[in-house]
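First up is the structure itself, then whatever we jot down about it.
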Amino acid sequence: MNSKHPGWRFFYLLMLSQLISISVFGQGFPARPGGGEQMNIGRFYGRVVDENGKGIGYAAVSLFRTQFDTTTRTQQEVLVNGQITDEHGDFSLEKLPIRGEFTLKISFLGYAEISKTVSFGIPSGERPGAPGGNRPGGQGRPGGGGFSADKFDIDLGNINLVEEASNLEEVTVTAEATGVQLALDRKIYRVDKDNTAAGGTAVEALKNVPSLAVDMDGNLSLRNGSPQLFVDGRPTTLSLDQIAADAIETVEVITNPSAKYDASGGQSGIVNIVLKKDRRIGYSGSVRLGVDTQGGKNAGGNLNVGEGKVNAFLNAFYNERRGDSFNNSDRQNLFGSPLTNVYQRGTGEMKGSFGNVRTGIDWFMDNRNTITFQGSLTRGQFGRPEVLNVRTDSLFSSGITSSEYIRNNDGERNFRNLGGSVLFKHLYPKKGKEITADINYNNILFKSDNEYNTDYLSSDRFFRERQEGDGGTKMLTLQTDYVNPLSEKIKLEMGAYASIRQVDNDNFNYIYDAATDRWNRVTNFNDEYSFNDQVFAGYVSISHEFEKWGYQVGLRGESSRYEGTLAGESTFANDYPLSLFPSIFVTRKLNEEDNLQFSLTRRINRPNFFQLIPFTDYSDSLNLRRGNPDLVPEFTSSAEISYQNIFKNGHNLLITTYYKRARDLITNYQFTDGEGAGEVVVSTFANSNSSEAYGVEFTLRNQISKGIDLTSNVNLYNSKVDASNVESGLVNEQFTWFLKENMNIKLPAGFTLQLSGQYQSKTAFSPNEGRGRFRGFGGANNSAQGYSTPYWYVDAAVRKDIMKRKGSITASMDDVFRSRRQGSYSESALFIQENERWRNFQVVRVNFSYRFGKTDSSLFKRKNMNVNDNGSDMMGS
């Protein structure tokens with residue numbers, strides 16, 4: 001790390017300014033006298049009992065109310081008060097506000113959670129004892145302006161909890177109905193309710209998430225761009241196929257992030273994967289086993305143990321993947337003499353395995369401080385043997401001459417990802433005021449070995465070559481966030497962030513010499529490349545809530561530098577000492593059901609390692625690939641207007657119109673290299689002049705009936721790429737529409753049916769086939785020379801609950817109608833090319849899962865049963 005880099009000084013100044021601000025604003029603004037006070041004189045009390053009327057001790061009792069949150073700009077449940085029942089099951093919630101309605105939730109391990117609406121009979125818009133109130137005739141209560149204190153001391157009586165095994169069906173229906181939560185600035189998808197993803201990875205889990213698309217190689221796209229992938233709110237080095245679907249709790253899609261979030265991600269926002277981690281007294285967990293019709297296997301489990309001030313968790317997963325792949329490619333070359341047509345047919349096999357272990361400990365140091373230690377290890381090995389049959393027709397004036405060869409590719413890739421993190425959270429006595437800090441470290445190692453054997457069918461000639469590669473990535477991130485409600489309506493947020501990444505990559509090429517029976521290294525094709533990337537950032541935002549509307553304004557500053565060295569000699573660098581990223585959000589509450597929001601942000605998309613590395617990938621002789629070390633980051637300005645309508649009976653509509661404009665868009669570009677018979681087409685990357693995209697997206701969640709839930713997502717947009725700076729007159733404009741449906745049907749006898757499907761029309765998308773070193777790192781690629789062809793698919797799953805609903809068996813089928821074929825069309829002055837790819841159709845997975853847990857209440861007695869306002873940490877007053 002270079003301490004002389006101005007980014008370090010920028011980071012230090014941000015940290016210092018934050019500490020000063022904490023001191024200055026630590027006490028907040030004084031509350032305004034009169035007019036805004038709540039009367040906190042209410043009390044709810046009662047007893048939690050089982051089916052036999054026996055009191056249930058140490059059950060969690062929580063009281064919520066709905067209010068507008070200025071951070072997420074949505075109506076959200078906020079914890080008002082909470083307790084753990086005493087050993088007899090009694091609870092008493094005191095000093096409560098008396099206006100409006102509340103939701104009382106009670107839960108205990110082994111019992112179904114209960115939820116009921118309670119109130120003191122005072123509407124939110126009425127003052128207690130006000131003359132006339134809201135009653136016909138304007139007479140108010142008897143006695144004029146007075147009121148009885150007994151009215152606000154309510155006995156809720158005995159509240160019965162039912163054992164989960166006998167009542168879980170009703171609870172499950174409720175949970176499935178809330179599988180998708182729609183908010184103005186994000187969508188939250190409950191992956192643990194997705195039966196089609198059972199036994200799979202995040203590739204299968206994210207396919208059904210509104211607004212997202214995942215291609216056959218696991219590349220993730222959001223509105224035809226590559227979003228930044230987070231895990232538990234922080235950038236991750238894992239790819240989607242290295243994350244178990246059963247380890248995911250929710251997926252958050254943030255299309256237009258505020259200044260609080262990392263500015264990376266360019267045109268496509270952030271996708272945050274939230275992993276499962278329970279916090280319960282006692283122990284709980286699950287085990288999972290599964291197989292598929294291609295010979296794949298998976299197994300996993302999780303365990304959570306909580307006692308006193310310590311909560312420990314463990315999650316493990318193992319997956320073996322098998323499958324076949326097929327591809328066709330037809331190219332008409334428009335350069336060289338004679339002109340040629342090239343036809344390629346390929347078949348391949350995917351085989352490999354990987355495992356992941358994640359563990360950690362939460363230590364509740366006292367009633368205001370929590371520290372979490374986490375560690376993870378991922379290891380994997382994958383092989384992709386492939387056979388290519390290539391025929392070339394040379395178009396002479398006298399006729400067509402054909403030549404043909406077969407190339408066998410046998411390769412293997414091994415990787416290891418070791419990560420660790422420490423997170424700290426401090427709660428101030430002032431409600432809502434907190435500071436968090438965390439440090440995350442990842443160390444990745446990989447090694448690959450590929451051998452290519454080419455046999456020419458028209459002669460005895462053959463050619464053998466080998467590519468060996470190894471390297472690694474070290475990534476360190478540090479972040480701190482501070483939140484301070486300056487008043488009941490005003491909130492200050494600020495933070496600092498640093499990311500330091502170091503990448504080393506060595507690739508060596510060898511050619512086999514039959515005369516000497518030796519492999520000779522080809523020095524001209526060798527690549528020894530190292531890459532250093534540093535980003536330092538800080539942000540500040542302030543939000544203000546009014547009765548019917550609110551706003552949030554923020555500013556993020558980032559200093560970034562990356563530098564690459566090739567073979568210890570050539571150096572490539574880009575330096576941005578300071579870039580500013582403002583954000584503005586304005587929300588208008590039209591009524592209790594309708595909300596409107598406008599947002600404006602600026603973001604950056606930095607080129608990744610595989611886009612920068614100046615090494616030619618020869619794994620596909622027809623589609624050579626090479627990075628461009630002269631790439632610079634692209635900057636994007638985005639505007640969105642969102643409208644949300646919350647209907648009755650679980651219906652929810654979200655409409656978003658958006659416009660995005662990018663400068664220096666990173667674009668796929670293809671050119672010729674070499675001379676004469678050795679002239680070939682190479683795919684690389686270039687910065688185009690600009691691009692723009694605009695469209696409208698509809699997301700509708702319908703609770704059709706008590707047992708049927710349907711989520712629909714439709715996106716219509718137009719994109720335009722101007723790459724006339726790369727090639728004169730090179731402009732590509734494309735209209736695209738996207739449809740996704742997900743339906744859950746509750747059937748009798750404990751069965752659940754899920755159907756999901758997607759259709760995508762033509763998209764301005766470059767022919768990136770995902771093979772070779774670039775697999776999994778490309779994401780959605782903008783192109784000025786082509787488009788992807790339309791495709792569609794339907795997946796299905798059936799789940800049966802067994803063993804008193806503690807276990808379940810899920811059977812799922814991918815691509816029911818054998819329709820998922822992805823292709824591309826590309827045209828330039830050099831060639832016209834069509835590609836098509838597909839994998840095994842109608843793959844069936846069968847998975848079994850079992851849940852367990854127990855609470856021994858005698859081990860977890862506390863003198864003080866209160867919980868804090870965040871609803872997660874047990875704490876005294």
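In the structure tokens, each chain is lettered A, B, ... as it comes, each chain's residues begin at 1, and ligands are numbered from 1 in order of appearance.
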Skip segment 512-518 of chain A itself and residues of its chain fewer than 4 positions away, then list as a ChimeraX atom specification all residues within 10 Å of it, counting only C-alpha atoms. /A:453,462-466
Write the residues of the selection above to a file with N, CA and C atoms, as an mmCIF file, in the first residue's frame.
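The new file selection-v7.cif reads:
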data_model
loop_
_atom_site.group_PDB
_atom_site.id
_atom_site.type_symbol
_atom_site.label_atom_id
_atom_site.label_comp_id
_atom_site.auth_asym_id
_atom_site.auth_seq_id
_atom_site.Cartn_x
_atom_site.Cartn_y
_atom_site.Cartn_z
ATOM 1 N N ASN A 453 -5.491 -29.985 -28.458
ATOM 2 C CA ASN A 453 -4.970 -30.878 -29.495
ATOM 3 C C ASN A 453 -5.789 -30.685 -30.758
ATOM 4 N N PHE A 462 -0.960 -32.227 -37.200
ATOM 5 C CA PHE A 462 -1.604 -31.986 -35.921
ATOM 6 C C PHE A 462 -0.825 -30.890 -35.202
ATOM 7 N N PHE A 463 -1.489 -30.303 -34.242
ATOM 8 C CA PHE A 463 -0.887 -29.190 -33.513
ATOM 9 C C PHE A 463 -1.327 -29.297 -32.053
ATOM 10 N N ARG A 464 -0.373 -29.179 -31.143
ATOM 11 C CA ARG A 464 -0.674 -29.281 -29.715
ATOM 12 C C ARG A 464 -0.134 -28.045 -28.997
ATOM 13 N N GLU A 465 -0.954 -27.441 -28.170
ATOM 14 C CA GLU A 465 -0.538 -26.282 -27.372
ATOM 15 C C GLU A 465 -1.114 -26.396 -25.963
ATOM 16 N N ARG A 466 -0.490 -25.691 -25.043
ATOM 17 C CA ARG A 466 -0.909 -25.749 -23.648
ATOM 18 C C ARG A 466 -0.821 -24.358 -23.035
#
Who sits within 8 Å of segment 574-576 of chain A, only C-alpha atoms, same chain under 2 positions skipped, as a ChimeraX atom specification: /A:559-563,572,578-579,632
When DSSP is applied to the backbone of this structure, which of segment 374-573 of chain A are assigned strand (DSSP E or B)? Write them out as a PyMOL selection string. chain A and resi 374-383+386-396+399-427+434-456+462-485+490-513+518-521+527-545+549-566+570-573
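For the residues A:Thr370, A:Gly348, A:Lys447, A:Thr250, ranking by smallest atom-to-atom distance to Asn409 of chain A using only C-alpha atoms places A:Gly348 first.
Across the structure, atom CA of Ala796 of chain A and atom CA of Leu222 of chain A are spaced 23.1 Å apart.
The shell of residues at most 8 Å from Asp362 of chain A, with only C-alpha atoms counted and near chain neighbours (fewer than 5 positions) removed, consists of Val310, Asn311, Ala312, Thr370, Ile371, Thr372 and Phe373 of chain A.
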Determine, counting only C-alpha atoms, which protein, DNA and RNA residues have an atom within 9 Å of an atom of Ile406 of chain A; residues of the same chain fewer than 5 positions away are not included. Present the result as a ChimeraX atom specification. /A:387-391,453-457
Expected file: the selected residues, N, CA and C atoms, as a compact mmCIF listing (two decimals), in the first residue's frame:
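After the write, result15.txt holds the following:
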# COMPACT_ATOMS: atom_id res chain seq x y z
N VAL A 387 -14.98 -30.42 -27.36
CA VAL A 387 -14.59 -30.82 -28.70
C VAL A 387 -15.18 -29.83 -29.69
N LEU A 388 -14.31 -29.22 -30.52
CA LEU A 388 -14.75 -28.27 -31.55
C LEU A 388 -14.47 -28.84 -32.92
N ASN A 389 -15.48 -28.80 -33.77
CA ASN A 389 -15.33 -29.18 -35.17
C ASN A 389 -15.46 -27.91 -36.00
N VAL A 390 -14.38 -27.54 -36.72
CA VAL A 390 -14.34 -26.28 -37.47
C VAL A 390 -14.10 -26.57 -38.94
N ARG A 391 -15.00 -26.04 -39.78
CA ARG A 391 -14.86 -26.17 -41.23
C ARG A 391 -14.76 -24.78 -41.83
N ASN A 453 -5.49 -29.99 -28.46
CA ASN A 453 -4.97 -30.88 -29.49
C ASN A 453 -5.79 -30.68 -30.76
N THR A 454 -5.13 -30.24 -31.83
CA THR A 454 -5.80 -29.96 -33.09
C THR A 454 -5.35 -30.96 -34.14
N ASP A 455 -6.32 -31.64 -34.77
CA ASP A 455 -6.05 -32.62 -35.83
C ASP A 455 -6.72 -32.14 -37.11
N TYR A 456 -5.92 -31.98 -38.20
CA TYR A 456 -6.43 -31.53 -39.49
C TYR A 456 -6.85 -32.76 -40.30
N LEU A 457 -8.13 -32.78 -40.69
CA LEU A 457 -8.69 -33.98 -41.30
C LEU A 457 -8.22 -34.21 -42.72
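If you count only C-alpha atoms and ignore residues fewer than 4 places along the chain from Val726 of chain A, what sits within 10 Å of it is Thr667, Tyr669, Ala686, Asn687, Ser688, Asn689, Asp722, Leu730 and Ala784 of chain A.
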Output file for the selection above: N, CA, C and O atoms, as a compact mmCIF listing (two decimals), in the first residue's frame:
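Below is the file that was written, result_38.txt:
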# COMPACT_ATOMS: atom_id res chain seq x y z
N THR A 667 -17.15 -0.69 -23.79
CA THR A 667 -17.88 -1.35 -24.86
C THR A 667 -17.06 -2.48 -25.45
O THR A 667 -15.84 -2.36 -25.60
N TYR A 669 -15.61 -4.48 -28.50
CA TYR A 669 -15.22 -4.05 -29.85
C TYR A 669 -14.35 -5.13 -30.47
O TYR A 669 -13.52 -5.75 -29.79
N ALA A 686 -13.27 -1.21 -25.43
CA ALA A 686 -12.91 0.16 -25.73
C ALA A 686 -13.88 1.09 -25.02
O ALA A 686 -15.00 0.71 -24.70
N ASN A 687 -13.43 2.32 -24.78
CA ASN A 687 -14.31 3.36 -24.22
C ASN A 687 -15.01 4.08 -25.36
O ASN A 687 -14.36 4.74 -26.18
N SER A 688 -16.32 3.95 -25.41
CA SER A 688 -17.08 4.67 -26.44
C SER A 688 -17.37 6.09 -25.98
O SER A 688 -17.19 6.44 -24.81
N ASN A 689 -17.83 6.90 -26.92
CA ASN A 689 -18.14 8.29 -26.59
C ASN A 689 -19.15 8.37 -25.46
O ASN A 689 -18.92 9.01 -24.43
N ASP A 722 -22.98 5.09 -28.68
CA ASP A 722 -22.27 5.89 -29.68
C ASP A 722 -20.78 5.61 -29.56
O ASP A 722 -20.12 6.08 -28.64
N LEU A 730 -20.00 4.41 -36.04
CA LEU A 730 -20.42 3.21 -35.31
C LEU A 730 -21.38 3.61 -34.19
O LEU A 730 -20.98 4.10 -33.13
N ALA A 784 -21.53 -2.06 -29.58
CA ALA A 784 -21.92 -1.19 -30.69
C ALA A 784 -21.95 -1.96 -31.99
O ALA A 784 -22.14 -1.38 -33.05
Please provide the set of residues having any atom within 6 Å of Gly383 of chain A, restricted to only C-alpha atoms, with same-chain residues fewer than 5 positions apart removed, written as a PyMOL selection string. chain A and resi 351-352+411-412
Output file for the residues above (all heavy atoms, as a short mmCIF file (atom, residue, chain, number, x, y, z; two decimals), in the first residue's frame):
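After the write, out_10.cif holds the following:
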data_model
loop_
_atom_site.label_atom_id
_atom_site.label_comp_id
_atom_site.auth_asym_id
_atom_site.auth_seq_id
_atom_site.Cartn_x
_atom_site.Cartn_y
_atom_site.Cartn_z
N LYS A 351 -17.87 -30.49 -15.39
CA LYS A 351 -17.80 -31.36 -14.21
C LYS A 351 -16.91 -30.67 -13.18
O LYS A 351 -15.85 -30.15 -13.50
CB LYS A 351 -17.24 -32.73 -14.58
CG LYS A 351 -15.90 -32.71 -15.29
CD LYS A 351 -15.44 -34.11 -15.64
CE LYS A 351 -14.08 -34.10 -16.34
NZ LYS A 351 -13.61 -35.45 -16.68
N GLY A 352 -17.37 -30.68 -11.97
CA GLY A 352 -16.59 -30.03 -10.92
C GLY A 352 -17.30 -30.07 -9.60
O GLY A 352 -18.43 -30.56 -9.47
N GLY A 411 -9.17 -29.20 -19.89
CA GLY A 411 -8.60 -28.24 -18.93
C GLY A 411 -9.19 -28.38 -17.55
O GLY A 411 -10.23 -29.03 -17.35
N GLU A 412 -8.53 -27.77 -16.60
CA GLU A 412 -8.97 -27.82 -15.20
C GLU A 412 -8.60 -26.51 -14.52
O GLU A 412 -7.56 -25.92 -14.82
CB GLU A 412 -8.31 -29.00 -14.49
CG GLU A 412 -8.78 -29.19 -13.05
CD GLU A 412 -8.13 -30.41 -12.41
OE1 GLU A 412 -8.70 -31.51 -12.53
OE2 GLU A 412 -7.05 -30.25 -11.82
#
Segment 515-729 of chain A: residues DSSP assigns to helix (DSSP H, G or I), reported as an MDAnalysis selection string: chainID A and resid 523:525 609:612 676:678
Would you pick out the contacts of Ser353 of chain A at 12 Å or less, using only C-alpha atoms, so that residues sharing its chain but fewer than 3 positions from it are not included, and give the list as a PyMOL selection string? chain A and resi 241-242+295-299+317-322+350+356+378-383+412-415
For the residues in the current selection, export N, CA, C and O atoms as an mmCIF file, in the first residue's frame.
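out.cif, written as the output of this step:
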data_model
loop_
_atom_site.group_PDB
_atom_site.id
_atom_site.type_symbol
_atom_site.label_atom_id
_atom_site.label_comp_id
_atom_site.auth_asym_id
_atom_site.auth_seq_id
_atom_site.Cartn_x
_atom_site.Cartn_y
_atom_site.Cartn_z
ATOM 1 N N ASP A 241 -21.947 -18.754 -8.690
ATOM 2 C CA ASP A 241 -21.933 -20.214 -8.578
ATOM 3 C C ASP A 241 -21.111 -20.707 -7.397
ATOM 4 O O ASP A 241 -20.971 -21.912 -7.201
ATOM 5 N N GLN A 242 -20.570 -19.793 -6.584
ATOM 6 C CA GLN A 242 -19.848 -20.168 -5.373
ATOM 7 C C GLN A 242 -20.657 -19.878 -4.107
ATOM 8 O O GLN A 242 -20.144 -20.007 -2.997
ATOM 9 N N GLY A 295 -26.331 -36.299 -12.559
ATOM 10 C CA GLY A 295 -25.319 -36.877 -11.684
ATOM 11 C C GLY A 295 -24.773 -35.909 -10.665
ATOM 12 O O GLY A 295 -23.826 -36.249 -9.936
ATOM 13 N N GLY A 296 -25.333 -34.712 -10.571
ATOM 14 C CA GLY A 296 -24.891 -33.751 -9.583
ATOM 15 C C GLY A 296 -25.399 -34.081 -8.189
ATOM 16 O O GLY A 296 -26.442 -34.733 -8.032
ATOM 17 N N LYS A 297 -24.671 -33.646 -7.193
ATOM 18 C CA LYS A 297 -25.045 -33.890 -5.795
ATOM 19 C C LYS A 297 -24.825 -32.613 -4.996
ATOM 20 O O LYS A 297 -23.970 -31.805 -5.328
ATOM 21 N N ASN A 298 -25.599 -32.452 -3.939
ATOM 22 C CA ASN A 298 -25.378 -31.335 -3.034
ATOM 23 C C ASN A 298 -25.750 -31.736 -1.619
ATOM 24 O O ASN A 298 -26.616 -32.586 -1.403
ATOM 25 N N ALA A 299 -25.072 -31.148 -0.663
ATOM 26 C CA ALA A 299 -25.350 -31.386 0.754
ATOM 27 C C ALA A 299 -24.979 -30.128 1.514
ATOM 28 O O ALA A 299 -24.057 -29.398 1.136
ATOM 29 N N PHE A 317 -21.635 -26.056 2.962
ATOM 30 C CA PHE A 317 -22.298 -26.459 1.723
ATOM 31 C C PHE A 317 -21.292 -27.153 0.810
ATOM 32 O O PHE A 317 -20.127 -26.740 0.720
ATOM 33 N N TYR A 318 -21.746 -28.233 0.162
ATOM 34 C CA TYR A 318 -20.923 -28.944 -0.822
ATOM 35 C C TYR A 318 -21.776 -29.202 -2.050
ATOM 36 O O TYR A 318 -22.944 -29.597 -1.938
ATOM 37 N N ASN A 319 -21.188 -28.997 -3.237
ATOM 38 C CA ASN A 319 -21.942 -29.136 -4.478
ATOM 39 C C ASN A 319 -21.076 -29.774 -5.551
ATOM 40 O O ASN A 319 -19.940 -29.348 -5.776
ATOM 41 N N GLU A 320 -21.607 -30.795 -6.187
ATOM 42 C CA GLU A 320 -20.998 -31.388 -7.384
ATOM 43 C C GLU A 320 -21.889 -31.054 -8.567
ATOM 44 O O GLU A 320 -23.091 -31.336 -8.546
ATOM 45 N N ARG A 321 -21.293 -30.485 -9.611
ATOM 46 C CA ARG A 321 -22.066 -30.062 -10.773
ATOM 47 C C ARG A 321 -21.633 -30.869 -11.993
ATOM 48 O O ARG A 321 -20.448 -31.076 -12.243
ATOM 49 N N ARG A 322 -22.632 -31.315 -12.749
ATOM 50 C CA ARG A 322 -22.400 -32.066 -13.975
ATOM 51 C C ARG A 322 -23.325 -31.508 -15.048
ATOM 52 O O ARG A 322 -24.419 -31.015 -14.762
ATOM 53 N N MET A 350 -19.350 -30.151 -18.468
ATOM 54 C CA MET A 350 -18.993 -29.444 -17.257
ATOM 55 C C MET A 350 -18.983 -30.440 -16.099
ATOM 56 O O MET A 350 -19.957 -31.164 -15.888
ATOM 57 N N ASN A 356 -18.095 -24.801 0.661
ATOM 58 C CA ASN A 356 -18.000 -23.528 1.366
ATOM 59 C C ASN A 356 -18.344 -23.735 2.835
ATOM 60 O O ASN A 356 -19.302 -24.443 3.158
ATOM 61 N N THR A 378 -13.827 -21.119 0.852
ATOM 62 C CA THR A 378 -14.435 -21.721 -0.334
ATOM 63 C C THR A 378 -13.340 -22.361 -1.167
ATOM 64 O O THR A 378 -12.326 -21.714 -1.466
ATOM 65 N N ARG A 379 -13.532 -23.615 -1.551
ATOM 66 C CA ARG A 379 -12.580 -24.310 -2.411
ATOM 67 C C ARG A 379 -13.348 -25.006 -3.519
ATOM 68 O O ARG A 379 -14.459 -25.508 -3.313
ATOM 69 N N GLY A 380 -12.732 -25.049 -4.710
ATOM 70 C CA GLY A 380 -13.408 -25.690 -5.822
ATOM 71 C C GLY A 380 -12.465 -26.155 -6.899
ATOM 72 O O GLY A 380 -11.311 -25.699 -6.990
ATOM 73 N N GLN A 381 -12.979 -27.055 -7.721
ATOM 74 C CA GLN A 381 -12.227 -27.588 -8.853
ATOM 75 C C GLN A 381 -13.209 -27.857 -9.982
ATOM 76 O O GLN A 381 -14.214 -28.539 -9.785
ATOM 77 N N PHE A 382 -12.914 -27.307 -11.152
ATOM 78 C CA PHE A 382 -13.815 -27.450 -12.285
ATOM 79 C C PHE A 382 -13.034 -27.839 -13.536
ATOM 80 O O PHE A 382 -11.928 -27.344 -13.770
ATOM 81 N N GLY A 383 -13.626 -28.709 -14.316
ATOM 82 C CA GLY A 383 -13.073 -29.083 -15.612
ATOM 83 C C GLY A 383 -14.116 -28.890 -16.691
ATOM 84 O O GLY A 383 -15.309 -29.115 -16.456
ATOM 85 N N GLU A 412 -8.531 -27.769 -16.596
ATOM 86 C CA GLU A 412 -8.971 -27.816 -15.205
ATOM 87 C C GLU A 412 -8.602 -26.505 -14.523
ATOM 88 O O GLU A 412 -7.558 -25.917 -14.816
ATOM 89 N N ARG A 413 -9.462 -26.102 -13.609
ATOM 90 C CA ARG A 413 -9.217 -24.874 -12.849
ATOM 91 C C ARG A 413 -9.499 -25.152 -11.374
ATOM 92 O O ARG A 413 -10.535 -25.727 -11.026
ATOM 93 N N ASN A 414 -8.571 -24.756 -10.508
ATOM 94 C CA ASN A 414 -8.729 -24.887 -9.069
ATOM 95 C C ASN A 414 -8.700 -23.491 -8.438
ATOM 96 O O ASN A 414 -7.951 -22.627 -8.887
ATOM 97 N N PHE A 415 -9.488 -23.301 -7.403
ATOM 98 C CA PHE A 415 -9.485 -22.008 -6.725
ATOM 99 C C PHE A 415 -9.713 -22.202 -5.233
ATOM 100 O O PHE A 415 -10.261 -23.214 -4.780
#
